[in-house]
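One structure is given here, and the rest of the page talks about it.
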Amino acid sequence: MTDLSDFIARLPKAELHMHIEGSLEPELMFALAQRNRVEIPFDSVEAVCAAYQFSNLQDFLDIYYRGADVLRTEADFRDLAAAYFDRAAADGVVHAEIFFDPQTHTDRGIGFDVVMRGLTAAMDAAQARHGITSRLILCFLRHLDEAAAFATLEAAQPWLHRIEAVGLDSSELGHPPEKFARVFAAAAACGLKRVAHAGEEGPPDYVHQALDVLQVDRLDHGNRSLEDPALVERLVREQMTLTVCPLSNLKLCVVGTMEEHPIDRMLDEGLRVTINSDDPAYFGGYVNDNYRAAAEARGLGRDALVTLARNSFLGSFLPEAEKAALVARLEEYAARA
Ligand code: ADE
Ligand code: ZN
């Protein structure tokens, strides 16, 4: 494994499924709580870590939204994202497409502009410092209603030049993609790409809706697509990128053990799957920890790892020429390592 672990460490890769609020490490949570004089329901970093035991998605979301309450100022969002980029760069990430949940902040009275100024400052600094390119994906919270999503799209208007896509996250069950059909159509009319969490806990029908109703360009998770062979065939045929998150799947009990993770089955089916960290501060690891955990449990070799990294570039929203340059860099690494 050490050999493979080293291979993963320097493997050039893109990360396509990472919620910036989910990269809030307990240490930074405490520092921001102090800086902003916000009460948090923990008295030590150890207590925070001990609380990170989840039996499903909702369990996690309850604690994740509480953690996000320490984020108040432009500097907080900048520091949060800067910490992620430093960590991602150390993992060989050369391009990141990151989710943010504006409603989690605007509902607490934090301005949309405050969030955007902080995140974009960190993105620009990361490009200068590490050479990492990045894009932002604005996620609508699906447990909230359509009107709230429309209000968020409205607030985003002055920032469209810094937003690549819209996404759909939060509590999946009971909140099917079709609930957001009209707001996704409006986002498309604004020139935004579309992604959605589907098939994490929700049934294959939610994946169909994400494709047919929301017209997504990429699918987040998608694990439960495997229950529907015709759907798998379609995803393969359309070369739809799936952003799979192994440690998240384990922590949220989407799989019982990592040994049961279907990542190799997905690859064998011909699905364009990628590996991502989802909420690294909550699920026990950043992107390379996810590659390593999946590789170890499912016996992935170098070829599979290179395919996963190649998929991350091909499935990104970069222009074709930049994708090709990154794939070439990857192939060169694979030939030499
Ligand atoms: N928000 C942050 N992480 C999420 C996940 N894994 N699923 C849905 N919403 C999320
Ligand atoms: Zn996610």
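Residue numbering restarts at 1 for every chain of the structure tokens, chains are lettered A, B, ... in their displayed order, and ligands are numbered from 1 as they appear.
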
Using only C-alpha atoms and all ligand atoms, which residues of chain A come within 6 Å of ligand 1, and what is the closest atom pair for each, with the distance in Å to one decimal? Give it as a tab-separated table, sorted by chain and residue number.
```
residue	atom	partner	partner_atom_place_in_ligand_line	distance
A:His19	CA	ligand 1	2 (C)	5.7
A:Asp169	CA	ligand 1	9 (N)	4.0
A:Ser170	CA	ligand 1	9 (N)	3.4
A:Ser171	CA	ligand 1	8 (C)	5.9
A:Asp278	CA	ligand 1	3 (N)	5.9
A:Asp279	CA	ligand 1	3 (N)	5.8
```

Protein and nucleic residues near ligand 2, 12 Å, only C-alpha atoms and all ligand atoms, as JSON, numbers by chain: {"A": [15, 16, 17, 18, 19, 20, 21, 22, 23, 57, 60, 61, 64, 97, 98, 99, 100, 101, 137, 139, 140, 141, 167, 168, 169, 170, 171, 172, 195, 196, 197, 198, 199, 200, 201, 219, 220, 221, 222, 242, 243, 244, 245, 246, 247, 248, 249, 252, 275, 276, 277, 278, 279, 280, 282, 283]}

Contacts of region 290-303 of chain A within 9 Å, only C-alpha atoms, excl. fewer than 3 positions in-chain, as an MDAnalysis selection string: chainID A and resid 1 4:5 7:8 245:248 257:264 275:277 284:287 306:308 334

Members of region 91-299 of chain A assigned helix (DSSP H, G or I) by DSSP, as a PyMOL selection string: chain A and resi 102-106+112-130+146-155+157-162+177-189+204-212+223-227+229-237+246-251+258-260+263-269+280-283+287-298

Residues near region 151-166 of chain A, cut-off 8 Å, only C-alpha atoms, skip fewer than 4 positions along chain, as an NGL selection string: :A and (102-103 or 112 or 116 or 120 or 135-140 or 147 or 183-184 or 187 or 192-195 or 317)

Nearest to Arg108 (chain A) by atom-to-atom distance, counting only C-alpha atoms, from A:Val70, A:Ala14, A:Ala90, A:Ala96: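 Counting only C-alpha atoms, the residue closest to Arg108 (chain A) is A:Val70.
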
Near Ala181 (chain A), counting only C-alpha atoms, which residues have an atom at most 10 Å away, once you skip same-chain residues fewer than 2 positions from it, shown as a PDB file with N, CA, C and O atoms, in the first residue's frame?
```pdb
ATOM      1  N   GLU A 146     -39.108  26.405  -3.230  1.00  0.00           N
ATOM      2  CA  GLU A 146     -38.710  26.923  -4.539  1.00  0.00           C
ATOM      3  C   GLU A 146     -38.515  28.441  -4.496  1.00  0.00           C
ATOM      4  O   GLU A 146     -37.578  28.981  -5.105  1.00  0.00           O
ATOM      5  N   PRO A 176     -37.545  15.672  -3.951  1.00  0.00           N
ATOM      6  CA  PRO A 176     -37.092  15.206  -5.269  1.00  0.00           C
ATOM      7  C   PRO A 176     -36.623  16.362  -6.139  1.00  0.00           C
ATOM      8  O   PRO A 176     -37.062  17.508  -5.966  1.00  0.00           O
ATOM      9  N   PRO A 177     -35.745  16.062  -7.081  1.00  0.00           N
ATOM     10  CA  PRO A 177     -35.242  17.113  -7.981  1.00  0.00           C
ATOM     11  C   PRO A 177     -36.348  17.919  -8.646  1.00  0.00           C
ATOM     12  O   PRO A 177     -36.206  19.131  -8.840  1.00  0.00           O
ATOM     13  N   GLU A 178     -37.472  17.284  -8.990  1.00  0.00           N
ATOM     14  CA  GLU A 178     -38.516  18.009  -9.738  1.00  0.00           C
ATOM     15  C   GLU A 178     -39.051  19.228  -8.988  1.00  0.00           C
ATOM     16  O   GLU A 178     -39.563  20.160  -9.597  1.00  0.00           O
ATOM     17  N   LYS A 179     -38.857  19.240  -7.655  1.00  0.00           N
ATOM     18  CA  LYS A 179     -39.267  20.405  -6.860  1.00  0.00           C
ATOM     19  C   LYS A 179     -38.566  21.684  -7.346  1.00  0.00           C
ATOM     20  O   LYS A 179     -39.070  22.786  -7.161  1.00  0.00           O
ATOM     21  N   VAL A 183     -36.516  26.570 -11.128  1.00  0.00           N
ATOM     22  CA  VAL A 183     -35.343  27.382 -10.767  1.00  0.00           C
ATOM     23  C   VAL A 183     -34.096  26.894 -11.520  1.00  0.00           C
ATOM     24  O   VAL A 183     -33.236  27.709 -11.919  1.00  0.00           O
ATOM     25  N   PHE A 184     -34.006  25.590 -11.784  1.00  0.00           N
ATOM     26  CA  PHE A 184     -32.885  25.093 -12.586  1.00  0.00           C
ATOM     27  C   PHE A 184     -33.001  25.596 -14.038  1.00  0.00           C
ATOM     28  O   PHE A 184     -31.991  25.919 -14.660  1.00  0.00           O
ATOM     29  N   ALA A 185     -34.224  25.655 -14.550  1.00  0.00           N
ATOM     30  CA  ALA A 185     -34.410  26.183 -15.912  1.00  0.00           C
ATOM     31  C   ALA A 185     -33.988  27.657 -15.949  1.00  0.00           C
ATOM     32  O   ALA A 185     -33.331  28.113 -16.904  1.00  0.00           O
ATOM     33  N   ALA A 186     -34.332  28.398 -14.900  1.00  0.00           N
ATOM     34  CA  ALA A 186     -33.949  29.815 -14.837  1.00  0.00           C
ATOM     35  C   ALA A 186     -32.424  29.948 -14.734  1.00  0.00           C
ATOM     36  O   ALA A 186     -31.826  30.846 -15.350  1.00  0.00           O
ATOM     37  N   GLN A 209     -34.877  12.005 -12.563  1.00  0.00           N
ATOM     38  CA  GLN A 209     -35.384  13.389 -12.526  1.00  0.00           C
ATOM     39  C   GLN A 209     -34.250  14.409 -12.679  1.00  0.00           C
ATOM     40  O   GLN A 209     -34.417  15.434 -13.351  1.00  0.00           O
ATOM     41  N   ALA A 210     -33.123  14.124 -12.040  1.00  0.00           N
ATOM     42  CA  ALA A 210     -31.982  15.055 -12.160  1.00  0.00           C
ATOM     43  C   ALA A 210     -31.568  15.170 -13.630  1.00  0.00           C
ATOM     44  O   ALA A 210     -31.273  16.254 -14.126  1.00  0.00           O
ATOM     45  N   ASP A 212     -33.510  14.230 -16.442  1.00  0.00           N
ATOM     46  CA  ASP A 212     -34.572  14.610 -17.386  1.00  0.00           C
ATOM     47  C   ASP A 212     -35.199  15.960 -17.062  1.00  0.00           C
ATOM     48  O   ASP A 212     -35.562  16.705 -17.956  1.00  0.00           O
ATOM     49  N   VAL A 213     -35.363  16.243 -15.781  1.00  0.00           N
ATOM     50  CA  VAL A 213     -36.064  17.474 -15.401  1.00  0.00           C
ATOM     51  C   VAL A 213     -35.063  18.612 -15.149  1.00  0.00           C
ATOM     52  O   VAL A 213     -35.244  19.719 -15.642  1.00  0.00           O
ATOM     53  N   LEU A 214     -34.009  18.330 -14.412  1.00  0.00           N
ATOM     54  CA  LEU A 214     -33.032  19.399 -14.126  1.00  0.00           C
ATOM     55  C   LEU A 214     -31.981  19.521 -15.219  1.00  0.00           C
ATOM     56  O   LEU A 214     -31.256  20.507 -15.280  1.00  0.00           O
ATOM     57  N   GLN A 215     -31.879  18.484 -16.058  1.00  0.00           N
ATOM     58  CA  GLN A 215     -30.913  18.491 -17.161  1.00  0.00           C
ATOM     59  C   GLN A 215     -29.495  18.740 -16.668  1.00  0.00           C
ATOM     60  O   GLN A 215     -28.792  19.644 -17.156  1.00  0.00           O
TER      61      GLN A 215
END
```

Nearest-residue call for Ser225 (chain A), choices A:Glu331, A:Asp289, A:Asp205, A:Glu238, using only C-alpha atoms: A:Asp205

DSSP-assigned strand (DSSP E) among region 125-330 of chain A, expressed as number ranges by chain: A: 133-141, 165-169, 193-198, 218-221, 241-244, 272-275

Just write the chosen residues, C-alpha atoms, as an mmCIF file, in the first residue's frame.
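Done, and the output landed in out-v1.cif:
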```
data_model
loop_
_atom_site.group_PDB
_atom_site.id
_atom_site.type_symbol
_atom_site.label_atom_id
_atom_site.label_comp_id
_atom_site.auth_asym_id
_atom_site.auth_seq_id
_atom_site.Cartn_x
_atom_site.Cartn_y
_atom_site.Cartn_z
ATOM 1 C CA THR A 133 -7.664 26.728 -10.558
ATOM 2 C CA SER A 134 -11.162 26.659 -9.104
ATOM 3 C CA ARG A 135 -14.820 27.271 -9.793
ATOM 4 C CA LEU A 136 -17.816 27.872 -7.530
ATOM 5 C CA ILE A 137 -21.066 25.906 -7.553
ATOM 6 C CA LEU A 138 -23.981 27.578 -5.803
ATOM 7 C CA CYS A 139 -26.122 24.916 -4.120
ATOM 8 C CA PHE A 140 -29.787 25.358 -3.352
ATOM 9 C CA LEU A 141 -30.889 23.728 -0.102
ATOM 10 C CA ALA A 165 -22.991 26.180 -11.904
ATOM 11 C CA VAL A 166 -25.902 25.607 -9.583
ATOM 12 C CA GLY A 167 -26.279 22.459 -7.492
ATOM 13 C CA LEU A 168 -28.820 20.841 -5.202
ATOM 14 C CA ASP A 169 -27.920 19.528 -1.762
ATOM 15 C CA LYS A 193 -24.274 24.714 -15.635
ATOM 16 C CA ARG A 194 -26.253 22.315 -13.462
ATOM 17 C CA VAL A 195 -25.398 19.537 -11.043
ATOM 18 C CA ALA A 196 -27.466 17.821 -8.344
ATOM 19 C CA HIS A 197 -27.028 15.398 -5.485
ATOM 20 C CA ALA A 198 -29.123 12.386 -6.446
ATOM 21 C CA ARG A 218 -22.944 16.130 -13.772
ATOM 22 C CA LEU A 219 -24.386 13.936 -11.047
ATOM 23 C CA ASP A 220 -23.328 14.097 -7.391
ATOM 24 C CA HIS A 221 -23.071 10.665 -5.703
ATOM 25 C CA THR A 241 -19.737 12.097 -14.646
ATOM 26 C CA LEU A 242 -20.583 10.808 -11.166
ATOM 27 C CA THR A 243 -18.869 12.436 -8.189
ATOM 28 C CA VAL A 244 -18.524 9.582 -5.722
ATOM 29 C CA ARG A 272 -17.378 7.904 -15.544
ATOM 30 C CA VAL A 273 -16.799 7.965 -11.793
ATOM 31 C CA THR A 274 -14.565 10.290 -9.800
ATOM 32 C CA ILE A 275 -13.408 10.264 -6.181
#
```

Residue among A:Val38, A:Leu330, A:Met266, A:Ala121 lying closest to Ser312 (chain A), counting only C-alpha atoms: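 Checking each candidate against Ser312 (chain A), we get A:Leu330 as the closest.
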